[in-house]
Structures are given as C-alpha cells and as structure tokens.
Amino acid sequence: MNNVTSHIDDDADLYALGALDADERATVDRHLATCSACRARVGEAEATVHALALEYHEIVPPVALDRRISQRFERRAPAYWWTAVAAALLIGLLPSVPLVLEHTAQQHANTQRDAAAIALLNSHFAHAQFVAIGASGLPSSKVIFARNRDWMYVMVSGSHAYDVEGVLQNGSAVPLGVTVPTGSTTSQLFLQHAPAGVEHVILRQNGIAIGTARVLTPKSIEGH
Amino acid sequence: MRDAVLEQAFAHGAPWAFEAAYRHFGGRLYATALHLLRDPQSAQDCVHDVLLHLWKRGGAYSSDRGSLEAFLVTCVRNDALTRLRNEARRATLRRGIVEPDRYELDLDPIEHARIERAIAQLDPAHQKMVELAYYRGLTHSEIAAQLAEPIGTIKSRISAALRSLRRTLAPPTGSTTA
C-alpha cells in the first residue's frame with residue numbers, strides 16, 4: 001500500500017498478524033482513522049488473530065502491573081457502576097440505529113445520540129418525567145439534564161417531532177428546539193448548552209402544550 | 001459477548017474505560033505479551049505502554065472495528081513484536097514461539113485442538129504462512145527472503161491463509177450488550 005487514500009486490502013490481514021514493518025503499520029493506522037470500510041476489514045482480521053490467541057490460557061497479570069494501571073487511570077475514573085447506569089439508561093431508551101446512515105435527519109439524530117452519550121458518560125445528571133397537561137395524550141417522555149445545566153436531553157417515545165420550550169424563573173418562555181425522530185421508537189433533542197435559569201421544560205405538539213417537566217434538582221429526583 | 005458500554009467509553013477516551021478494559025482483558029493481554037516476549041517485566045511494560053499510548057493518542061478504536069478485546073490483543077501483539085525486532089532479538093523469535101516451546105506453554109486443550117484442526121485444513125502453503133507470520137512473528141519481507149519468493153506473492157498468501165482460518169475460527173461478530 002503506497003497511498004494513504006487507497007484501501008488497505010490484504011494489508012488488513014498482515015496488520016492484524018503483526019507482519020507489517022513499523023512504517024507500513026503507521027500508514028495503515030492513518031488510513032484507518034478515515035475509512036470505516038477498512039476498519040471493519042481489519043476488525044475481521046483481528047477477530048481471527050484473537051481466536052488464535054485463545055489457544056493459550058489467560059495469565060493473571062502480576063500485582064505490580066495492576067498497581068501501575070490503577071495509578072495511571074484510577075484517579076480519573078468514576079465508579080464503573082455509575083457510568084454503566086448512565087450508558088444503560090441511554091442505550092436502553094434509544095433504538096439501535098445502523099452505523100451507516102444516509103438520511104440527514106437520521107444523521108442528525110445519531111450525532112445527537114453520540115453527543116448525549118459523551119455527556120452522560122462524563123458528568124453527573126438528574127432526570128425528570130414529563131407530566132401531562134390537560135387531557136391531551138402525552139407519550140412516555142423524559143428530560144435528562146446535567147446538574148450544572150451544561151446540557152439537557154429530551155426524549156419522547158414515538159416518531160413525532162415536538163417543540164421544546166423552557167420556562168424561566170420569571171415565567172417567560174424560551175424556545176429550546178425541536179425533537180428529531182430517530183426511527184419509530186423515540187424522538188429526541190440534545191442541547192449542549194442549555195439556557196441558564198430554566199425551571200420547567202414544556203413539550204408542545206402542533207403548538208399545544210402537552211407535557212411539562214420540572215428541571216430543578218431536588219434530591220428526590222436526582223439520578224445519582 | 002461484547003460490552004457496548006465499555007466499548008463506547010473506550011472509544012471516547014474515558015480514562016475509567018482503560019482501567020476497566022485492563023480488568024476485563026488483562027489476563028489475555030498479559031498472556032499474549034508474555035508468550036512473545038518470554039520476560040515478565042517486558043510483558044508488563046508492553047501491556048502498560050499499549051494502554052497508555054492508546055489513551056494519549058485517542059481515536060484508535062471505534063466499535064465499527066469489532067470487539068475491543070480483539071483490537072487490544074492486536075495492539076499488544078504488534079507492540080511485543082516491535083520490541084523484539086527493535087531489540088534485535090530475532091534469533092530468539094525464530095527459535096521460539098513454535099515447536100517445541102509452543103506445546104510446553106499453558107495451552108487450553110480444547111482451543112488448541114480446535115486451532116490445530118483448522119490449521120490442518122489449510123493447504124500446505126497457507127499452513128506455512130500461519131507458522132511463519134503468526135507463530136514465529138516474521139514480517140512479510142522476512143518471509144519472502146526466507147522462502148525466496150516475491151513480496152507480493154507472500155502478502156497475498158498470508159492474507160488468503162488468514163481468511164481461510166477466519167471461516168472456521170472467528171466467532172460470530174456484532175454481538176453487543178449494554
């Protein structure tokens with residue numbers, strides 16, 4: 001492979017086996033950073049090399065290595081259960097979508113999902129259920145938000161788009177955005193910079209308020 | 001079974017995910033390094049340095065590449081082979097990983113039998129590629145020199161051998177769990 005823009009072809013197998021020299025491997029690494037097709041191709045080769053590695057029993061690493069890894073990473077690590085809960089919440093509530101998306105709205109929704117995943121994995125959050133306003137039908141819906149209000153994530157079951165509005169302490173309303181359907185199961189809006197001072201979030205369908213959620217952080221509704 | 005939570009966090013560079021990956025796969029990674037390097041201290045350095053390098057570099061892994069464990073095994077194997085090559089220990093490498101040492105290591109008898117059967121199904125030229133590239137850790141150019149054949153031929157043959165093995169060895173892909 002001489003060109004970083006050409007696909008790596010057979011080099012995928014040689015890469016996984018360790019049969020390339022250092023320069024060739026670096027070239028493959030650069031290509032993999034930009035080519036999902038070749039990442040999948042290398043992944044297949046890596047799975048085969050991994051299968052060969054199963055020939056040997058695992059060996060418990062020395063305590064000294066445990067200590068080195070812990071010292072390097074542990075101080076920066078939240079408890080695994082917390083992150084697992086955050087991600088399980090996210091993944092459990094969202095539909096699985098194909099990795100390759102062509103529809104613009106779907107791509108937008110996927111980008112939102114990724115941004116929300118990063119936010120959930122890296123910060124403390126709270127959540128609140130929407131409560132129906134009047135007799136209108138309110139689908140199952142929830143808002144998840146950072147305790148410091150850096151971000152806000154609205155999810156509504158179903159495939160409709162909903163206007164989302166914030167209500168400030170003085171009673172004035174500010175538009176926050178519109179939820180985007182990710183398929184047939186949820187519609188979502190991720191705000192990376194939620195406006196300060198929002199106390200309630202209103203969900204509107206065709207201009208009619210159908211639900212409200214309180215986004216203060218009383219201890220009783222905090223996620224953790 | 002793949003762990004979608006861990007894979008996603010690792011891909012995003014969350015530090016906790018690197019330690020969690022070590023807790024999950026450390027035994028496999030250390031075994032991979034030790035079997036190539038034959039030195040506990042070097043094997044420890046290899047596993048530690050690979051995780052640290054991946055964390056600092058960022059973006060090397062994404063879940064569309066496949067399982068995180070397979071990715072890390074490849075990284076450790078590549079790093080271990082680089083250490084051997086850089087330290088000019090090719091003599092040890094050529095002497096070592098296959099016969100008879102290979103059978104003196106702590107083999108899993110079931111997996112070992114399965115792999116032997118899979119390799120036995122390959123044609124002799126492909127068996128030779130698996131032996132030289134995987135078990136002896138030679139590069140394609142070293143194999144070409146040893147067999148006095150063109151590099152392009154050797155590269156194609158190595159790739160074909162691994163693809164043949166894939167059909168019988170690789171577990172089903174795409175299985176993830178939260």
# chains A, B, ... in the order shown; residues from 1 in each chain; ligands from 1
>>> closest_atom_pairs(of="chain A", to="chain B", cutoff="6 Å", atoms="only C-alpha atoms", output="tab-separated table")
residue	atom	partner	partner_atom	distance
A:Asp10	CA	B:Ser159	CA	5.5
A:Asp13	CA	B:Ser159	CA	5.3
A:Ala16	CA	B:Thr74	CA	5.8
A:Leu17	CA	B:Tyr134	CA	5.9
A:Gly18	CA	B:Asn78	CA	5.0
A:Ala19	CA	B:Thr139	CA	4.0
A:Leu20	CA	B:Thr139	CA	5.5
A:Arg39	CA	B:Arg65	CA	4.8
A:Ala40	CA	B:Arg65	CA	4.7
A:Gly43	CA	B:Arg65	CA	4.6
A:Glu46	CA	B:Ala70	CA	5.5
A:Ala47	CA	B:Ala70	CA	5.5
A:Thr48	CA	B:Ala170	CA	5.1
A:His50	CA	B:Ala70	CA	5.2
A:Ala51	CA	B:Ala170	CA	6.0
A:Glu55	CA	B:His112	CA	4.8
A:Tyr56	CA	B:Leu107	CA	4.4
A:His57	CA	B:Asp108	CA	5.4
A:Glu58	CA	B:Gly27	CA	4.7
A:Ile59	CA	B:Gly27	CA	4.8
A:Val60	CA	B:Gly27	CA	5.0
A:Pro61	CA	B:Gly27	CA	6.0
A:Leu65	CA	B:Gln44	CA	6.0
A:Phe73	CA	B:Pro15	CA	5.7
A:Ala77	CA	B:Trp16	CA	4.1
A:Ala88	CA	B:Ala178	CA	5.8
>>> atom_distance(atom1="atom CA of Ala146 of chain A", atom2="atom CA of Leu120 of chain A")
8.2 Å
>>> residues_around(residues="Gln188 of chain A", least_positions_apart="2", cutoff="9 Å", atoms="only C-alpha atoms", output="list in words")
Ala109, Gln112, Arg113, Tyr153, Val154, Met155, Val156, Ser157, Ala161, Tyr162, Val178, Thr179, Val180, Pro181, Thr182, Thr186 and Phe190 of chain A
>>> atom_distance(atom1="atom CA of Tyr15 of chain A", atom2="atom CA of Arg30 of chain A")
12.6 Å
>>> closest_residue(among="B:Arg136, B:His24, B:Arg38, B:Ala11", to="Leu54 of chain B", atoms="only C-alpha atoms")
B:Ala11
